[in-house]
>>> print(open('work26.csv').read())   # CSV, C-alpha atoms
chain,number,residue,atom,x,y,z
F,177,MET,CA,55.3,14.9,-18.6
F,178,SER,CA,57.1,11.6,-19.0
F,179,TRP,CA,55.3,8.2,-19.0
F,180,LYS,CA,57.1,7.4,-15.7
F,181,LYS,CA,55.3,10.3,-13.9
F,182,LEU,CA,52.0,9.2,-15.3
F,183,LEU,CA,52.5,5.6,-14.2
F,184,ILE,CA,51.7,6.2,-10.5
F,185,PRO,CA,48.4,8.0,-10.9
F,186,ALA,CA,47.5,5.6,-13.7
F,187,SER,CA,48.0,2.6,-11.6
F,188,ALA,CA,46.0,4.2,-8.7
F,189,LEU,CA,43.0,4.8,-11.0
F,190,PRO,CA,41.6,1.2,-11.1
F,191,ILE,CA,41.9,1.0,-7.3
F,192,ILE,CA,40.1,4.4,-6.9
F,193,ALA,CA,37.4,3.1,-9.3
F,194,LEU,CA,37.0,-0.1,-7.4
F,195,LEU,CA,36.7,1.8,-4.1
F,196,GLY,CA,34.2,4.2,-5.7
F,197,TYR,CA,32.1,1.3,-6.9
F,198,GLY,CA,32.1,-0.1,-3.4
F,199,LEU,CA,30.9,3.2,-1.9
F,200,THR,CA,27.9,3.3,-4.2
F,201,ARG,CA,26.7,-0.1,-3.0
F,202,ASP,CA,24.5,-0.6,0.1
F,203,PRO,CA,26.4,-3.1,2.3
F,204,ASN,CA,23.1,-4.2,3.8
F,205,LYS,CA,21.7,-5.2,0.5
F,206,ILE,CA,22.9,-8.8,0.2
F,207,GLU,CA,21.7,-10.9,-2.7
F,208,SER,CA,19.9,-14.0,-1.6
F,209,PRO,CA,20.3,-17.2,-3.6
F,210,LEU,CA,16.8,-18.4,-2.5
F,211,PRO,CA,14.3,-16.5,-4.7
F,212,GLY,CA,13.2,-18.9,-7.5
F,213,ARG,CA,14.0,-22.0,-5.5
F,214,ALA,CA,11.5,-24.3,-3.7
F,215,ALA,CA,10.8,-23.2,-0.2
F,216,PHE,CA,12.3,-25.5,2.4
F,217,ASP,CA,9.7,-27.5,4.3
F,218,PHE,CA,9.5,-27.4,8.0
F,219,VAL,CA,7.1,-28.5,10.8
F,220,SER,CA,7.1,-26.8,14.2
F,221,GLU,CA,4.9,-25.9,17.1
F,222,THR,CA,2.8,-22.7,17.0
F,223,LEU,CA,2.6,-20.2,19.9
F,224,GLU,CA,-0.8,-21.7,20.6
F,225,GLY,CA,0.6,-25.2,20.9
F,226,ASP,CA,-0.6,-26.6,17.5
F,227,THR,CA,1.7,-28.3,15.0
F,228,LEU,CA,2.0,-26.7,11.6
F,229,GLY,CA,4.2,-27.2,8.6
F,230,LEU,CA,4.7,-25.4,5.3
F,231,ALA,CA,3.3,-28.4,3.5
F,232,ASP,CA,-0.1,-27.8,5.2
F,233,LEU,CA,-0.3,-24.6,3.3
F,234,ASN,CA,0.1,-26.1,-0.1
F,235,GLY,CA,-1.7,-24.2,-2.8
F,236,LYS,CA,-1.7,-20.9,-0.9
F,237,VAL,CA,0.4,-17.8,-1.2
F,238,VAL,CA,2.4,-17.7,2.0
F,239,VAL,CA,4.0,-14.7,3.5
F,240,LEU,CA,6.6,-16.1,5.9
F,241,ASN,CA,7.7,-13.5,8.4
F,242,PHE,CA,10.6,-13.9,10.8
F,243,TRP,CA,10.1,-11.6,13.8
F,244,ALA,CA,10.9,-11.1,17.5
F,245,SER,CA,9.3,-9.2,20.3
F,246,TRP,CA,12.6,-7.3,20.9
F,247,CYS,CA,12.7,-6.2,17.2
F,248,VAL,CA,11.7,-2.5,16.9
F,249,ALA,CA,11.4,-2.6,13.1
F,250,CYS,CA,8.9,-5.4,13.4
F,251,ILE,CA,6.3,-3.1,15.0
F,252,GLU,CA,5.7,-1.0,11.9
F,253,GLU,CA,5.3,-3.9,9.4
F,254,HIS,CA,3.0,-5.7,11.9
F,255,ARG,CA,0.3,-3.1,11.1
F,256,TYR,CA,0.5,-4.0,7.4
F,257,PHE,CA,0.2,-7.7,8.2
F,258,ILE,CA,-3.0,-7.0,10.2
F,259,GLU,CA,-4.4,-5.1,7.2
F,260,ALA,CA,-3.4,-7.8,4.8
F,261,GLU,CA,-4.9,-10.5,7.0
F,262,ARG,CA,-8.3,-8.7,6.7
F,263,TYR,CA,-7.9,-7.8,3.1
F,264,TYR,CA,-7.0,-11.2,1.8
F,265,ALA,CA,-9.3,-13.1,4.2
F,266,ASP,CA,-11.2,-14.7,1.3
F,267,GLN,CA,-8.2,-15.5,-0.8
F,268,ASP,CA,-5.7,-18.4,-0.8
F,269,PHE,CA,-3.4,-16.4,1.3
F,270,GLN,CA,-1.7,-17.2,4.6
F,271,LEU,CA,0.5,-15.2,6.9
F,272,LEU,CA,2.9,-17.3,8.9
F,273,GLY,CA,5.3,-16.0,11.5
F,274,VAL,CA,8.5,-17.6,12.8
F,275,VAL,CA,9.7,-16.4,16.1
F,276,TYR,CA,13.4,-15.6,15.9
F,277,GLN,CA,15.7,-15.8,19.0
F,278,ASP,CA,12.9,-15.1,21.4
F,279,THR,CA,11.0,-16.8,24.2
F,280,PRO,CA,7.5,-18.1,23.3
F,281,GLU,CA,6.1,-16.2,26.3
F,282,ASN,CA,7.4,-12.8,25.1
F,283,ALA,CA,6.2,-13.6,21.6
F,284,ARG,CA,2.7,-14.5,22.8
F,285,GLN,CA,2.5,-11.3,24.9
F,286,TRP,CA,3.6,-9.3,21.8
F,287,MET,CA,0.9,-10.8,19.6
F,288,ARG,CA,-1.8,-10.3,22.2
F,289,ARG,CA,-0.8,-6.7,22.6
F,290,ARG,CA,-0.5,-5.9,18.9
F,291,GLY,CA,-3.1,-8.1,17.5
F,292,GLY,CA,-3.2,-10.4,14.5
F,293,ASN,CA,-4.7,-13.9,14.2
F,294,TRP,CA,-2.1,-15.7,12.0
F,295,PRO,CA,0.0,-18.5,13.5
F,296,SER,CA,3.6,-18.0,14.5
F,297,LEU,CA,6.0,-20.9,14.9
F,298,ILE,CA,8.5,-21.4,17.6
F,299,ASP,CA,11.9,-22.1,16.1
F,300,PRO,CA,14.0,-24.1,18.5
F,301,ASN,CA,17.7,-23.8,17.8
F,302,ALA,CA,16.9,-21.4,14.9
F,303,ARG,CA,16.8,-24.3,12.4
F,304,ILE,CA,14.1,-22.7,10.3
F,305,ALA,CA,15.9,-19.4,10.3
F,306,ILE,CA,19.2,-20.9,9.2
F,307,ASP,CA,17.4,-23.0,6.6
F,308,TYR,CA,16.0,-19.8,5.1
F,309,GLY,CA,19.3,-17.9,5.3
F,310,VAL,CA,18.0,-15.3,7.8
F,311,TYR,CA,20.5,-12.5,8.7
F,312,GLY,CA,18.4,-10.8,11.3
F,313,VAL,CA,14.8,-9.6,11.8
F,314,PRO,CA,12.5,-8.6,10.3
F,315,GLU,CA,12.9,-10.7,7.2
F,316,THR,CA,10.0,-11.8,5.0
F,317,TYR,CA,9.7,-14.5,2.3
F,318,PHE,CA,6.9,-14.5,-0.3
F,319,ILE,CA,6.1,-18.0,-1.3
F,320,ASP,CA,3.9,-18.7,-4.3
F,321,ARG,CA,1.1,-21.3,-4.7
F,322,GLU,CA,3.6,-23.8,-6.1
F,323,GLY,CA,5.8,-23.5,-3.0
F,324,ARG,CA,8.6,-21.5,-4.6
F,325,ILE,CA,10.2,-18.5,-2.9
F,326,ALA,CA,9.3,-15.6,-5.1
F,327,PHE,CA,11.0,-12.8,-3.1
F,328,LYS,CA,12.9,-12.2,0.0
F,329,GLN,CA,12.6,-8.9,1.9
F,330,ILE,CA,15.4,-8.0,4.3
F,331,GLY,CA,14.1,-5.4,6.7
F,332,PRO,CA,10.5,-4.4,7.3
F,333,VAL,CA,8.0,-4.6,4.4
F,334,SER,CA,6.0,-1.6,3.4
F,335,ARG,CA,2.3,-1.6,2.7
F,336,THR,CA,2.9,-1.1,-1.1
F,337,LEU,CA,5.5,-3.9,-1.3
F,338,LEU,CA,3.2,-6.3,0.5
F,339,LYS,CA,0.2,-5.5,-1.7
F,340,GLN,CA,2.1,-5.6,-4.9
F,341,LEU,CA,3.8,-8.9,-4.2
F,342,VAL,CA,0.7,-10.7,-2.8
F,343,ASP,CA,-1.5,-9.4,-5.6
F,344,SER,CA,1.1,-10.6,-8.2
F,345,LEU,CA,1.3,-14.0,-6.6
F,346,LEU,CA,-2.5,-14.3,-6.2
F,347,VAL,CA,-2.9,-12.8,-9.7
F,348,LEU,CA,-5.3,-10.1,-8.5
F,349,PRO,CA,-6.0,-6.9,-10.4
F,350,ALA,CA,-3.9,-4.0,-9.1
F,351,GLY,CA,-5.2,-0.6,-8.0
F,352,VAL,CA,-7.2,-1.3,-4.9
F,353,GLU,CA,-5.5,0.0,-1.8
F,354,LEU,CA,-5.0,-2.0,1.4
F,355,THR,CA,-7.1,-0.4,4.1
F,356,GLY,CA,-7.2,-1.0,7.8
F,357,ALA,CA,-8.5,0.7,10.9
F,358,ASP,CA,-4.9,1.8,11.8
F,359,ALA,CA,-3.9,2.6,8.2
F,360,ILE,CA,-0.8,4.8,7.8
F,361,PRO,CA,0.4,6.7,4.7
F,362,SER,CA,2.4,4.2,2.7
F,363,GLY,CA,5.3,6.6,2.1
F,364,ARG,CA,6.2,6.5,5.8
F,365,SER,CA,7.9,3.1,5.6
F,366,ALA,CA,9.8,3.7,2.3
F,367,GLY,CA,13.0,4.8,4.0
F,368,HIS,CA,13.2,1.6,5.9
F,369,VAL,CA,12.8,-0.8,3.0
F,370,ARG,CA,16.0,-2.3,1.6
F,371,GLY,CA,15.3,-3.1,-2.0
F,372,GLY,CA,12.7,-1.2,-3.9
F,373,VAL,CA,9.2,-2.1,-4.9
F,374,GLU,CA,10.1,-2.0,-8.6
F,375,ASP,CA,12.9,-4.4,-7.9
F,376,ALA,CA,10.4,-6.7,-6.0
F,377,ALA,CA,7.8,-6.5,-8.8
F,378,ALA,CA,10.5,-7.2,-11.4
F,379,ARG,CA,11.6,-10.3,-9.5
F,380,VAL,CA,8.0,-11.6,-9.2
F,381,GLY,CA,7.5,-10.9,-12.8
F,382,SER,CA,10.6,-12.9,-13.7
F,383,GLN,CA,9.4,-16.1,-12.0
F,384,PRO,CA,8.8,-19.0,-14.4
A,201,MET,CA,43.0,14.5,31.7
A,202,ARG,CA,45.2,12.0,29.8
A,203,LYS,CA,44.0,9.1,32.0
A,204,LEU,CA,40.4,10.3,31.5
A,205,SER,CA,40.7,10.4,27.8
A,206,PHE,CA,42.3,6.9,27.7
A,207,ALA,CA,39.5,5.5,29.9
A,208,GLY,CA,37.0,7.2,27.5
A,209,LEU,CA,38.6,5.6,24.5
A,210,ALA,CA,38.7,2.2,26.2
A,211,LEU,CA,35.0,2.5,27.0
A,212,LEU,CA,34.2,3.5,23.4
A,213,GLY,CA,36.1,0.6,22.1
A,214,LEU,CA,34.2,-1.8,24.4
A,215,VAL,CA,30.9,-0.2,23.3
A,216,PHE,CA,31.8,-0.7,19.6
A,217,LEU,CA,33.0,-4.3,20.2
A,218,GLY,CA,29.8,-5.1,22.0
A,219,MET,CA,27.4,-3.5,19.6
A,220,PRO,CA,26.9,-6.4,17.2
A,221,THR,CA,26.2,-8.7,20.2
A,222,LEU,CA,23.8,-6.3,21.7
A,223,ALA,CA,21.9,-5.7,18.5
A,224,PHE,CA,21.1,-9.3,18.0
A,225,ALA,CA,21.1,-10.5,21.6
A,226,SER,CA,19.4,-13.8,22.5
A,227,PRO,CA,18.2,-14.7,25.9
A,228,PRO,CA,21.3,-15.1,28.1
A,229,SER,CA,20.0,-18.4,29.6
A,230,ALA,CA,20.1,-20.0,26.1
A,231,GLN,CA,23.6,-18.9,25.5
A,232,GLU,CA,24.9,-20.2,28.8
A,233,ALA,CA,23.2,-23.5,28.3
A,234,GLY,CA,24.8,-23.8,24.9
A,235,ALA,CA,28.2,-23.0,26.2
A,236,VAL,CA,28.0,-25.8,28.7
A,237,GLN,CA,26.8,-28.2,26.0
A,238,GLU,CA,29.7,-27.2,23.7
A,239,GLU,CA,32.3,-28.0,26.4
A,240,GLU,CA,31.0,-31.6,26.9
A,241,LEU,CA,31.5,-32.8,23.3
A,242,ASP,CA,34.0,-35.0,21.5
A,243,PRO,CA,37.3,-33.1,21.0
A,244,ALA,CA,37.9,-34.5,17.5
A,245,LEU,CA,34.5,-33.4,16.4
A,246,GLU,CA,34.9,-30.1,18.1
A,247,ALA,CA,38.1,-29.5,16.2
A,248,GLN,CA,36.2,-30.1,12.9
A,249,VAL,CA,33.4,-27.8,14.0
A,250,ARG,CA,35.9,-25.0,14.9
A,251,VAL,CA,37.6,-25.3,11.4
A,252,LEU,CA,34.3,-25.0,9.6
A,253,ALA,CA,32.9,-22.3,11.9
A,254,ALA,CA,36.1,-20.2,11.3
A,255,LYS,CA,35.3,-20.2,7.6
A,256,LEU,CA,31.7,-19.0,7.9
A,257,ARG,CA,30.6,-15.4,8.5
A,258,CYS,CA,28.2,-14.8,11.4
A,259,PRO,CA,25.0,-13.5,9.7
A,260,THR,CA,24.2,-11.1,12.5
A,261,CYS,CA,27.6,-9.8,13.4
A,262,ARG,CA,28.9,-9.9,9.8
A,263,ALA,CA,32.5,-8.9,10.6
A,264,LEU,CA,33.0,-11.9,12.8
A,265,SER,CA,33.2,-15.6,12.0
A,266,VAL,CA,30.7,-18.1,13.4
A,267,LEU,CA,33.5,-19.4,15.6
A,268,ASP,CA,34.4,-16.0,17.1
A,269,SER,CA,30.9,-14.5,17.4
A,270,PRO,CA,29.2,-14.7,20.8
A,271,SER,CA,25.7,-14.1,19.3
A,272,GLY,CA,22.9,-16.6,19.7
A,273,MET,CA,22.7,-17.2,16.0
A,274,ALA,CA,26.4,-18.1,15.7
A,275,GLN,CA,25.9,-20.5,18.6
A,276,GLU,CA,23.0,-22.2,16.8
A,277,MET,CA,25.0,-22.4,13.6
A,278,ARG,CA,27.9,-24.1,15.5
A,279,GLY,CA,25.3,-26.5,16.8
A,280,LEU,CA,24.0,-27.2,13.3
A,281,ILE,CA,27.5,-27.8,12.0
A,282,ARG,CA,28.1,-30.2,14.8
A,283,GLU,CA,24.8,-32.0,14.2
A,284,GLN,CA,25.5,-32.3,10.4
A,285,LEU,CA,29.0,-33.6,10.9
A,286,ARG,CA,27.8,-36.1,13.5
A,287,SER,CA,25.1,-37.3,11.0
A,288,GLY,CA,27.9,-38.2,8.6
A,289,LYS,CA,28.1,-35.2,6.3
A,290,THR,CA,31.5,-34.2,5.1
A,291,ALA,CA,32.9,-30.7,5.8
A,292,ALA,CA,32.4,-29.8,2.1
A,293,GLU,CA,28.7,-30.8,2.3
A,294,VAL,CA,28.2,-28.7,5.4
A,295,GLU,CA,29.9,-25.7,3.8
A,296,ALA,CA,27.7,-26.2,0.7
A,297,TYR,CA,24.6,-26.3,2.9
A,298,PHE,CA,25.3,-22.8,4.2
A,299,VAL,CA,26.4,-21.4,0.8
A,300,GLU,CA,23.1,-22.7,-0.7
A,301,ARG,CA,21.1,-20.7,1.9
A,302,TYR,CA,23.2,-17.6,2.3
A,303,GLY,CA,25.1,-17.4,-0.9
A,304,GLU,CA,28.9,-17.1,-1.1
A,305,TRP,CA,28.6,-14.1,1.2
A,306,ILE,CA,28.6,-16.5,4.1
A,307,LEU,CA,32.2,-17.5,3.3
A,308,LEU,CA,34.7,-15.3,5.0
A,309,GLN,CA,37.3,-16.3,2.4
A,310,PRO,CA,35.8,-15.8,-1.1
A,311,LYS,CA,36.4,-18.6,-3.6
A,312,ALA,CA,39.3,-17.9,-6.0
A,313,GLU,CA,37.2,-17.7,-9.2
A,314,GLY,CA,35.8,-15.1,-11.6
A,315,PHE,CA,35.8,-11.5,-10.2
A,316,ASN,CA,36.9,-12.8,-6.8
A,317,TRP,CA,40.4,-13.2,-8.3
A,318,THR,CA,40.7,-9.4,-7.8
A,319,VAL,CA,40.6,-9.9,-4.1
A,320,TRP,CA,43.4,-12.5,-4.3
A,321,LEU,CA,45.6,-10.9,-6.9
A,322,LEU,CA,45.3,-7.2,-6.1
A,323,PRO,CA,47.2,-7.3,-2.8
A,324,VAL,CA,50.0,-9.3,-4.5
A,325,ILE,CA,50.2,-6.8,-7.5
A,326,LEU,CA,50.2,-3.9,-5.1
A,327,LEU,CA,52.9,-5.4,-2.9
A,328,LEU,CA,55.1,-6.2,-6.0
A,329,GLY,CA,54.5,-2.8,-7.5
A,330,GLY,CA,55.3,-1.1,-4.1
A,331,LEU,CA,58.5,-3.1,-3.8
A,332,ALA,CA,59.5,-2.3,-7.4
A,333,PHE,CA,58.8,1.4,-6.7
A,334,VAL,CA,60.9,1.4,-3.6
A,335,PHE,CA,63.8,-0.5,-5.3
A,336,LEU,CA,63.8,1.8,-8.4
A,337,THR,CA,63.6,5.0,-6.2
A,338,ALA,CA,66.3,3.8,-3.9
A,339,ARG,CA,68.6,2.9,-6.8
A,340,ARG,CA,68.0,6.4,-8.4
A,341,TRP,CA,68.9,8.1,-5.0
A,342,VAL,CA,72.0,6.0,-4.7
A,343,ARG,CA,73.2,6.9,-8.2
A,344,GLN,CA,72.4,10.5,-7.7
A,345,GLY,CA,74.4,10.4,-4.4
A,346,GLN,CA,77.3,8.7,-6.1
A,347,SER,CA,77.5,11.2,-8.9
A,348,ALA,CA,77.2,14.2,-6.4
A,349,GLY,CA,80.0,12.6,-4.4
A,350,ALA,CA,82.2,12.3,-7.5
A,351,VAL,CA,81.7,16.0,-8.3
A,352,ILE,CA,82.7,17.0,-4.7
A,353,VAL,CA,85.8,14.7,-4.9
A,354,GLU,CA,86.7,16.1,-8.3
A,355,GLY,CA,86.2,19.6,-6.9
A,356,GLY,CA,88.4,18.8,-4.0
A,357,GLN,CA,91.1,17.4,-6.3
A,358,GLU,CA,90.9,20.5,-8.4
A,359,ARG,CA,91.4,22.6,-5.3
A,360,GLU,CA,94.4,20.5,-4.2
A,361,SER,CA,96.1,20.7,-7.6
>>> encode(input="work26.csv", output="structure tokens")
Amino acid sequence: MSWKKLLIPASALPIIALLGYGLTRDPNKIESPLPGRAAFDFVSETLEGDTLGLADLNGKVVVLNFWASWCVACIEEHRYFIEAERYYADQDFQLLGVVYQDTPENARQWMRRRGGNWPSLIDPNARIAIDYGVYGVPETYFIDREGRIAFKQIGPVSRTLLKQLVDSLLVLPAGVELTGADAIPSGRSAGHVRGGVEDAAARVGSQP
Amino acid sequence: MRKLSFAGLALLGLVFLGMPTLAFASPPSAQEAGAVQEEELDPALEAQVRVLAAKLRCPTCRALSVLDSPSGMAQEMRGLIREQLRSGKTAAEVEAYFVERYGEWILLQPKAEGFNWTVWLLPVILLLGGLAFVFLTARRWVRQGQSAGAVIVEGGQERES
């Protein structure tokens, strides 16, 4: 076979390789530039009418969760947040919700129906969401005691991810399971999580 | 049957086009209020907003620009662009603000640097390669045709003599 006949398949190879590489990547897994950076400060009104800012939670591990009452995927992770709220009640830990593209009344009703005592902020004009580079809901940011973003989860958090990350940030010994009245097997949420637990733990571990 | 299938295709197309909007819908009242607000603004500023919004990817729709997307999030982003420009920020500063939060993913047109050069150069290389292939193949066919014609002519002359 002459080199001319080989030229066409040879020139197509890099393109096929490039397409093949593209097919192995999850288009929903978008690298965020925020982990490792200082969390952007904000002040807003909570659903209960109080004023709360990120600076008020200085020194605590903050789990900042963007959610909406119309978000189906938010229902499942909400159970884990309820468990975490109980489990870390005596720790420097704070759950903080931000209502994304929703009415305060719908959000209030949702919280009343599903439970949870942590504050949720109203986000007029989605300024907090844009500041945090939110693509959609649910999205959760794990902020360490120094106010740095340790990890960003796109999609719902699993119980395992939540516990591993919060424990790492609080520097708690691993091995104790999160428990709650409505506990569900942790494997159930694995299929919905974009970005694995190992990945998450590695990122937390790589923080300065 | 043909009409029915055409109507079905049109309906499917509408559903697909509407999907991103439905998936990340915001309350309609907020969108309508925003639309009215956008119309009442300074035309020069609006032109700048449109230029910048056309460069940015809508985070919820992904395939659409912030300018073209009807989603609530894109509307809020247009509002933020307008707010920042009005406060005296330059277009480059506003663009940098979004890149800082979303990464370069937010830019519909990737910057011509590093691996991104592939996106810019590959189409040109493919186009030039395609043109060269067509030119060389066409030239070979013409030559083959000419030589075949010469044989026929020669054959004809032989028969005449």
>>> closest_atom_pairs(input="work26.csv", of="chain A", to="chain F", cutoff="6 Å", atoms="only C-alpha atoms", output="Markdown table")
| residue | atom | partner | partner_atom | distance |
| --- | --- | --- | --- | --- |
| A:Ser226 | CA | F:Gln277 | CA | 5.5 |
| A:Pro259 | CA | F:Tyr311 | CA | 4.7 |
| A:Thr260 | CA | F:Tyr311 | CA | 5.5 |
| A:Glu276 | CA | F:Asn301 | CA | 5.6 |
| A:Arg301 | CA | F:Gly309 | CA | 4.8 |
| A:Tyr302 | CA | F:Gly309 | CA | 4.9 |
| A:Gly303 | CA | F:Pro209 | CA | 5.5 |
>>> atom_distance(input="work26.csv", atom1="CA of Thr222 (chain F)", atom2="CA of Ser271 (chain A)")
24.6 Å
>>> residues_around(input="work26.csv", residues="Leu307 (chain A)", least_positions_apart="3", cutoff="8 Å", atoms="all atoms listed in the file", output="VMD selection string")
chain A and resid 255 to 257 299 304 310
>>> atom_distance(input="work26.csv", atom1="CA of Asp232 (chain F)", atom2="CA of Gly323 (chain F)")
11.0 Å
>>> atom_distance(input="work26.csv", atom1="CA of Glu224 (chain F)", atom2="CA of Glu252 (chain F)")
23.4 Å
